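J.: Take a look at query28.txt, compact mmCIF, C-alpha atoms:
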```
# COMPACT_ATOMS: atom_id res chain seq x y z
CA GLN A 27 -12.73 68.39 279.63
CA VAL A 28 -9.59 66.26 279.70
CA GLN A 29 -10.03 62.53 280.10
CA LEU A 30 -7.34 59.90 280.44
CA VAL A 31 -8.28 56.25 280.25
CA GLU A 32 -5.80 53.47 280.97
CA SER A 33 -6.09 49.87 279.83
CA GLY A 34 -3.98 46.76 279.51
CA GLY A 35 -3.46 45.74 283.11
CA GLY A 36 -3.89 42.21 284.35
CA LEU A 37 -2.51 39.25 286.25
CA VAL A 38 0.77 37.90 284.92
CA ARG A 39 3.63 35.70 286.08
CA PRO A 40 7.15 36.91 286.87
CA GLY A 41 9.10 37.38 283.65
CA ASP A 42 6.01 38.07 281.57
CA SER A 43 5.27 41.23 279.62
CA LEU A 44 2.34 43.64 279.45
CA ARG A 45 1.60 46.76 277.46
CA LEU A 46 -0.43 49.49 279.06
CA SER A 47 -2.24 52.11 277.00
CA CYS A 48 -3.55 55.54 277.93
CA ILE A 49 -5.98 57.31 275.63
CA SER A 50 -6.35 61.05 276.05
CA SER A 51 -9.21 63.27 274.97
CA GLY A 52 -10.29 66.84 275.48
CA ARG A 53 -7.31 68.83 274.23
CA THR A 54 -4.29 68.68 271.91
CA PHE A 55 -2.48 65.59 273.14
CA GLY A 56 0.80 66.36 271.39
CA ALA A 57 1.33 69.58 273.33
CA TYR A 58 1.68 67.98 276.74
CA VAL A 59 4.24 65.95 278.62
CA MET A 60 2.92 62.60 279.75
CA GLY A 61 3.89 60.25 282.53
CA TRP A 62 3.20 56.91 284.12
CA PHE A 63 3.04 56.53 287.88
CA ARG A 64 2.12 53.63 290.13
CA ARG A 65 0.87 52.96 293.62
CA ALA A 66 1.64 49.65 295.23
CA PRO A 67 -0.56 48.37 298.06
CA GLY A 68 0.21 50.30 301.23
CA LYS A 69 2.69 52.62 299.53
CA GLU A 70 2.82 56.14 298.18
CA ARG A 71 2.34 56.81 294.50
CA GLU A 72 5.68 56.82 292.70
CA PHE A 73 7.10 57.89 289.38
CA VAL A 74 7.63 55.23 286.71
CA ALA A 75 8.32 56.92 283.37
CA THR A 76 7.80 60.17 281.50
CA ILE A 77 7.93 61.26 277.88
CA SER A 78 8.27 64.59 276.15
CA ARG A 79 5.46 65.98 274.09
CA SER A 80 7.12 64.92 270.84
CA GLY A 81 8.17 61.53 272.12
CA SER A 82 11.81 62.32 271.38
CA SER A 83 13.01 62.03 274.97
CA SER A 84 12.01 60.07 278.02
CA GLY A 85 13.00 59.26 281.57
CA TYR A 86 12.58 56.29 283.88
CA SER A 87 12.82 55.41 287.51
CA ASP A 88 15.81 53.29 288.42
CA SER A 89 13.55 50.41 289.37
CA VAL A 90 12.16 50.00 285.83
CA LYS A 91 15.02 51.27 283.66
CA GLY A 92 15.97 48.69 281.08
CA ARG A 93 12.73 46.74 281.52
CA PHE A 94 10.01 49.28 280.71
CA ALA A 95 9.64 51.47 277.62
CA ILE A 96 7.38 54.49 277.33
CA SER A 97 6.14 55.70 273.97
CA ARG A 98 3.39 57.79 272.45
CA ASP A 99 1.49 58.14 269.22
CA ASN A 100 0.28 61.70 268.96
CA ALA A 101 -1.83 60.91 265.92
CA LYS A 102 -3.80 58.45 268.05
CA ASN A 103 -3.78 60.52 271.25
CA THR A 104 -2.31 57.52 272.99
CA MET A 105 0.61 56.77 275.28
CA TYR A 106 1.99 53.33 275.99
CA LEU A 107 4.06 51.57 278.61
CA GLN A 108 5.70 48.36 277.46
CA MET A 109 6.61 46.37 280.57
CA ASN A 110 8.99 43.45 280.15
CA ASN A 111 10.50 41.01 282.62
CA LEU A 112 7.86 41.89 285.18
CA LYS A 113 8.64 41.27 288.83
CA PRO A 114 6.35 40.83 291.85
CA GLU A 115 7.48 44.25 293.07
CA ASP A 116 5.92 45.79 289.95
CA THR A 117 2.49 44.90 291.34
CA ALA A 118 0.56 48.17 291.61
CA ASP A 119 -2.17 50.32 290.18
CA TYR A 120 -0.70 52.18 287.22
CA TYR A 121 -1.83 55.70 286.39
CA CYS A 122 -1.20 57.85 283.36
CA ALA A 123 -0.94 61.58 283.83
CA GLN A 124 -0.73 64.71 281.70
CA THR A 125 0.89 68.02 282.56
CA GLY A 126 -1.28 71.02 283.13
CA GLN A 127 0.72 73.29 280.88
CA PRO A 128 1.73 72.73 277.26
CA TYR A 129 5.34 72.71 276.10
CA TYR A 130 5.05 73.99 272.54
CA SER A 131 8.56 75.47 272.54
CA ASP A 132 10.32 72.44 273.99
CA SER A 133 10.02 69.07 272.29
CA TYR A 134 12.48 67.41 274.66
CA TYR A 135 11.27 68.44 278.10
CA TYR A 136 9.89 65.83 280.46
CA THR A 137 9.42 65.69 284.20
CA GLN A 138 8.98 63.17 286.99
CA ASP A 139 7.61 65.84 289.33
CA GLN A 140 4.09 64.74 290.23
CA SER A 141 3.06 68.31 290.99
CA ALA A 142 3.51 69.18 287.31
CA TYR A 143 0.76 66.74 286.33
CA THR A 144 -2.76 68.09 286.50
CA TYR A 145 -4.79 65.34 284.88
CA TRP A 146 -4.83 61.72 285.97
CA GLY A 147 -6.50 58.57 284.79
CA GLN A 148 -8.36 56.20 287.06
CA GLY A 149 -5.69 53.55 286.91
CA THR A 150 -5.25 49.99 285.70
CA GLN A 151 -4.20 47.18 287.99
CA VAL A 152 -1.11 45.11 287.35
CA THR A 153 -0.49 42.02 289.45
CA VAL A 154 2.67 39.98 289.06
CA SER A 155 2.48 36.68 290.89
CA SER A 156 3.49 33.08 290.43
```
So that I can check it, write out the structure of this file as structure tokens.
T.:
Amino acid sequence: QVQLVESGGGLVRPGDSLRLSCISSGRTFGAYVMGWFRRAPGKEREFVATISRSGSSSGYSDSVKGRFAISRDNAKNTMYLQMNNLKPEDTADYYCAQTGQPYYSDSYYYTQDQSAYTYWGQGTQVTVSS
């Protein structure tokens, strides 16, 4: 049974930084593409960042590019999202997600397509306010 557990959210001021973590259990973490998504109050869930199974490639939404950094430590079954220069518009519940299928033959593949992600965490809240 796959479980994803996020942590690291909180209340911060504009310009501050936070690091989110997502711990995975239940299957071989390093075989799967991972992603971060968020849902702001009253809005649809949106893509934030994604990382290949090896960690060698990644992609970002335009709204966070240059401010956020996704990474993973396959030895620790953990993915991270370093968020710098946070803005009020970053306020949202942040979810980590894992693809349903493994990508053993492709260390560089990643995807922002939400339909490719089968497993989701319960979310961690990030509030950016002065």
J.: Within 6 Å of region 128-132 of chain A, counting all atoms listed in the file, which residues qualify if same-chain residues fewer than 3 places away don't, as a PyMOL selection string?
T.: chain A and resi 57-58+135
J.: Out of A:Val152, A:Val28, A:Leu44, A:Ile49, which residue has the shortest atom-to-atom distance to Tyr120 (chain A) when counting only C-alpha atoms?
T.: A:Val152
J.: Interatomic distance between CA of Val31 (chain A) and CA of Ser78 (chain A)?
T.: 19.0 Å
J.: Considering all atoms listed in the file, return as a count of residues only whatever protein or nucleic-acid residues lie within 12 Å of Val154 (chain A), sequence-local ones (same chain, fewer than 5 positions apart) excluded.
T.: 22
J.: Pick out the closest residue to Ala123 (chain A) from this set: A:Gly56, A:Pro67, A:Gly149, A:Gly92. Count only C-alpha atoms.
T.: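 For Ala123 (chain A), the nearest of the candidates is A:Gly149.
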J.: Return the single residue from A:Val90, A:Met105, A:Ala95, A:Ile77 that is closest to Arg64 (chain A), with distances computed using all atoms listed in the file.
T.: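 The shortest atom-to-atom distance to Arg64 (chain A) comes from A:Val90.
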J.: Around all of region 112-126 of chain A's listed atoms, make the axis-aligned box with 4 Å on each side and tell me centre and edge lengths in Å to one decimal, as JSON.
T.:
```
{"center_x": 3.2, "center_y": 55.9, "center_z": 287.4, "size_x": 18.8, "size_y": 38.2, "size_z": 19.4}
```
J.: Which of these, A:Leu107, A:Ser133, A:Asn100, A:Ala142, has the shortest distance to Ser33 (chain A) once you count all atoms listed in the file?
T.: A:Leu107
J.: Could you tell me how far CA of Leu30 (chain A) lies from CA of Gln127 (chain A), in Å and to one decimal?
T.: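 About the pair CA of Leu30 (chain A) and CA of Gln127 (chain A): they are 15.6 Å apart.
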J.: For a quick check of understanding, using all atoms listed in the file, which of A:Glu32, A:Tyr136, A:Gly52, A:Phe63 has the smallest distance to Arg79 (chain A)?
T.: A:Tyr136
J.: Mind pulling up the distance from CA of Ser51 (chain A) to CA of Thr104 (chain A)?
T.: 9.2 Å
J.: I'd like to know which of A:Thr54, A:Thr144, A:Ser84, A:Thr153 is closest to Gly34 (chain A), using all atoms listed in the file.
T.: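 Ranked by minimum distance to Gly34 (chain A), first place goes to A:Thr153.
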J.: Using only C-alpha atoms and a cutoff of 12 Å, can you tell me which residues are near (10.4, 54.9, 274.7) in the file's coordinates, and write them out as a ChimeraX atom specification?
T.: /A:60-61,75-78,80-86,91-99,105-109
J.: With N, CA and C atoms as the atom set, please write region 63-110 of chain A from the structure just given, as an mmCIF file, in the first residue's frame.
T.:
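Saved result, selection33.cif, follows:
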```cif
data_model
loop_
_atom_site.group_PDB
_atom_site.id
_atom_site.type_symbol
_atom_site.label_atom_id
_atom_site.label_comp_id
_atom_site.auth_asym_id
_atom_site.auth_seq_id
_atom_site.Cartn_x
_atom_site.Cartn_y
_atom_site.Cartn_z
ATOM 1 N N PHE A 63 1.980 19.482 -6.398
ATOM 2 C CA PHE A 63 0.836 20.228 -6.901
ATOM 3 C C PHE A 63 0.292 21.069 -5.746
ATOM 4 N N ARG A 64 -0.542 22.033 -6.070
ATOM 5 C CA ARG A 64 -1.130 22.853 -5.007
ATOM 6 C C ARG A 64 -2.545 23.263 -5.379
ATOM 7 N N ARG A 65 -3.319 23.513 -4.325
ATOM 8 C CA ARG A 65 -4.673 24.006 -4.507
ATOM 9 C C ARG A 65 -4.856 25.218 -3.605
ATOM 10 N N ALA A 66 -5.042 26.356 -4.237
ATOM 11 C CA ALA A 66 -5.307 27.585 -3.497
ATOM 12 C C ALA A 66 -6.792 27.655 -3.150
ATOM 13 N N PRO A 67 -7.145 28.391 -2.126
ATOM 14 C CA PRO A 67 -8.556 28.505 -1.747
ATOM 15 C C PRO A 67 -9.420 28.947 -2.926
ATOM 16 N N GLY A 68 -10.455 28.168 -3.200
ATOM 17 C CA GLY A 68 -11.383 28.518 -4.264
ATOM 18 C C GLY A 68 -10.892 28.261 -5.669
ATOM 19 N N LYS A 69 -9.752 27.579 -5.798
ATOM 20 C CA LYS A 69 -9.196 27.340 -7.132
ATOM 21 C C LYS A 69 -8.997 25.854 -7.375
ATOM 22 N N GLU A 70 -8.757 25.528 -8.641
ATOM 23 C CA GLU A 70 -8.465 24.145 -9.013
ATOM 24 C C GLU A 70 -7.034 23.790 -8.602
ATOM 25 N N ARG A 71 -6.806 22.506 -8.427
ATOM 26 C CA ARG A 71 -5.453 22.046 -8.154
ATOM 27 C C ARG A 71 -4.584 22.288 -9.385
ATOM 28 N N GLU A 72 -3.357 22.756 -9.146
ATOM 29 C CA GLU A 72 -2.475 23.068 -10.266
ATOM 30 C C GLU A 72 -1.093 22.464 -10.059
ATOM 31 N N PHE A 73 -0.422 22.280 -11.162
ATOM 32 C CA PHE A 73 0.933 21.741 -11.175
ATOM 33 C C PHE A 73 1.915 22.760 -10.622
ATOM 34 N N VAL A 74 2.898 22.276 -9.850
ATOM 35 C CA VAL A 74 3.959 23.136 -9.330
ATOM 36 C C VAL A 74 5.323 22.700 -9.868
ATOM 37 N N ALA A 75 5.666 21.430 -9.646
ATOM 38 C CA ALA A 75 6.986 20.940 -10.054
ATOM 39 C C ALA A 75 6.952 19.432 -10.168
ATOM 40 N N THR A 76 7.854 18.894 -10.978
ATOM 41 C CA THR A 76 7.959 17.459 -11.156
ATOM 42 C C THR A 76 9.416 17.068 -11.315
ATOM 43 N N ILE A 77 9.732 15.821 -10.960
ATOM 44 C CA ILE A 77 11.112 15.357 -11.023
ATOM 45 C C ILE A 77 11.149 13.921 -11.510
ATOM 46 N N SER A 78 12.138 13.631 -12.333
ATOM 47 C CA SER A 78 12.289 12.285 -12.868
ATOM 48 C C SER A 78 12.654 11.300 -11.768
ATOM 49 N N ARG A 79 12.575 10.047 -12.089
ATOM 50 C CA ARG A 79 12.785 9.035 -11.056
ATOM 51 C C ARG A 79 14.202 9.090 -10.498
ATOM 52 N N SER A 80 15.148 9.460 -11.326
ATOM 53 C CA SER A 80 16.550 9.527 -10.888
ATOM 54 C C SER A 80 16.898 10.855 -10.243
ATOM 55 N N GLY A 81 16.050 11.841 -10.461
ATOM 56 C CA GLY A 81 16.351 13.178 -9.969
ATOM 57 C C GLY A 81 17.183 14.002 -10.927
ATOM 58 N N SER A 82 17.480 13.453 -12.103
ATOM 59 C CA SER A 82 18.381 14.126 -13.030
ATOM 60 C C SER A 82 17.709 15.184 -13.876
ATOM 61 N N SER A 83 16.391 15.204 -13.908
ATOM 62 C CA SER A 83 15.689 16.252 -14.647
ATOM 63 C C SER A 83 14.416 16.635 -13.913
ATOM 64 N N SER A 84 13.999 17.870 -14.163
ATOM 65 C CA SER A 84 12.833 18.390 -13.455
ATOM 66 C C SER A 84 12.158 19.474 -14.269
ATOM 67 N N GLY A 85 10.923 19.765 -13.906
ATOM 68 C CA GLY A 85 10.166 20.808 -14.583
ATOM 69 C C GLY A 85 9.360 21.614 -13.585
ATOM 70 N N TYR A 86 9.060 22.856 -13.949
ATOM 71 C CA TYR A 86 8.372 23.770 -13.047
ATOM 72 C C TYR A 86 7.286 24.538 -13.787
ATOM 73 N N SER A 87 6.297 24.962 -13.031
ATOM 74 C CA SER A 87 5.331 25.891 -13.591
ATOM 75 C C SER A 87 5.994 27.253 -13.718
ATOM 76 N N ASP A 88 5.485 28.053 -14.609
ATOM 77 C CA ASP A 88 6.062 29.389 -14.818
ATOM 78 C C ASP A 88 5.971 30.241 -13.560
ATOM 79 N N SER A 89 4.948 30.010 -12.762
ATOM 80 C CA SER A 89 4.724 30.854 -11.590
ATOM 81 C C SER A 89 5.748 30.630 -10.484
ATOM 82 N N VAL A 90 6.436 29.479 -10.502
ATOM 83 C CA VAL A 90 7.406 29.198 -9.430
ATOM 84 C C VAL A 90 8.824 29.060 -9.946
ATOM 85 N N LYS A 91 8.994 29.039 -11.250
ATOM 86 C CA LYS A 91 10.329 28.854 -11.838
ATOM 87 C C LYS A 91 11.276 29.928 -11.342
ATOM 88 N N GLY A 92 12.444 29.490 -10.905
ATOM 89 C CA GLY A 92 13.432 30.424 -10.386
ATOM 90 C C GLY A 92 13.318 30.688 -8.898
ATOM 91 N N ARG A 93 12.205 30.285 -8.291
ATOM 92 C CA ARG A 93 12.014 30.481 -6.846
ATOM 93 C C ARG A 93 11.958 29.153 -6.100
ATOM 94 N N PHE A 94 11.405 28.136 -6.727
ATOM 95 C CA PHE A 94 11.241 26.827 -6.103
ATOM 96 C C PHE A 94 12.234 25.844 -6.716
ATOM 97 N N ALA A 95 12.637 24.864 -5.907
ATOM 98 C CA ALA A 95 13.531 23.808 -6.383
ATOM 99 C C ALA A 95 13.057 22.469 -5.865
ATOM 100 N N ILE A 96 12.835 21.543 -6.776
ATOM 101 C CA ILE A 96 12.414 20.188 -6.408
ATOM 102 C C ILE A 96 13.629 19.287 -6.383
ATOM 103 N N SER A 97 13.649 18.358 -5.456
ATOM 104 C CA SER A 97 14.744 17.398 -5.371
ATOM 105 C C SER A 97 14.231 16.122 -4.735
ATOM 106 N N ARG A 98 15.046 15.090 -4.778
ATOM 107 C CA ARG A 98 14.661 13.831 -4.159
ATOM 108 C C ARG A 98 15.896 13.098 -3.683
ATOM 109 N N ASP A 99 15.698 12.297 -2.660
ATOM 110 C CA ASP A 99 16.743 11.433 -2.128
ATOM 111 C C ASP A 99 16.171 10.026 -2.136
ATOM 112 N N ASN A 100 16.530 9.268 -3.150
ATOM 113 C CA ASN A 100 15.939 7.935 -3.292
ATOM 114 C C ASN A 100 16.355 6.992 -2.166
ATOM 115 N N ALA A 101 17.497 7.232 -1.580
ATOM 116 C CA ALA A 101 17.929 6.398 -0.464
ATOM 117 C C ALA A 101 17.060 6.611 0.771
ATOM 118 N N LYS A 102 16.438 7.783 0.849
ATOM 119 C CA LYS A 102 15.587 8.106 1.990
ATOM 120 C C LYS A 102 14.107 8.082 1.638
ATOM 121 N N ASN A 103 13.798 7.693 0.404
ATOM 122 C CA ASN A 103 12.395 7.647 -0.045
ATOM 123 C C ASN A 103 11.694 8.988 0.155
ATOM 124 N N THR A 104 12.406 10.044 -0.100
ATOM 125 C CA THR A 104 11.893 11.375 0.213
ATOM 126 C C THR A 104 12.088 12.344 -0.946
ATOM 127 N N MET A 105 11.080 13.170 -1.147
ATOM 128 C CA MET A 105 11.135 14.259 -2.122
ATOM 129 C C MET A 105 10.999 15.577 -1.372
ATOM 130 N N TYR A 106 11.607 16.605 -1.928
ATOM 131 C CA TYR A 106 11.591 17.910 -1.276
ATOM 132 C C TYR A 106 11.123 18.993 -2.245
ATOM 133 N N LEU A 107 10.632 20.070 -1.670
ATOM 134 C CA LEU A 107 10.351 21.278 -2.441
ATOM 135 C C LEU A 107 10.874 22.461 -1.638
ATOM 136 N N GLN A 108 11.984 23.012 -2.099
ATOM 137 C CA GLN A 108 12.539 24.208 -1.477
ATOM 138 C C GLN A 108 11.850 25.419 -2.090
ATOM 139 N N MET A 109 11.193 26.194 -1.258
ATOM 140 C CA MET A 109 10.425 27.348 -1.740
ATOM 141 C C MET A 109 11.061 28.618 -1.183
ATOM 142 N N ASN A 110 11.576 29.440 -2.079
ATOM 143 C CA ASN A 110 12.222 30.690 -1.691
ATOM 144 C C ASN A 110 11.414 31.877 -2.191
#
```
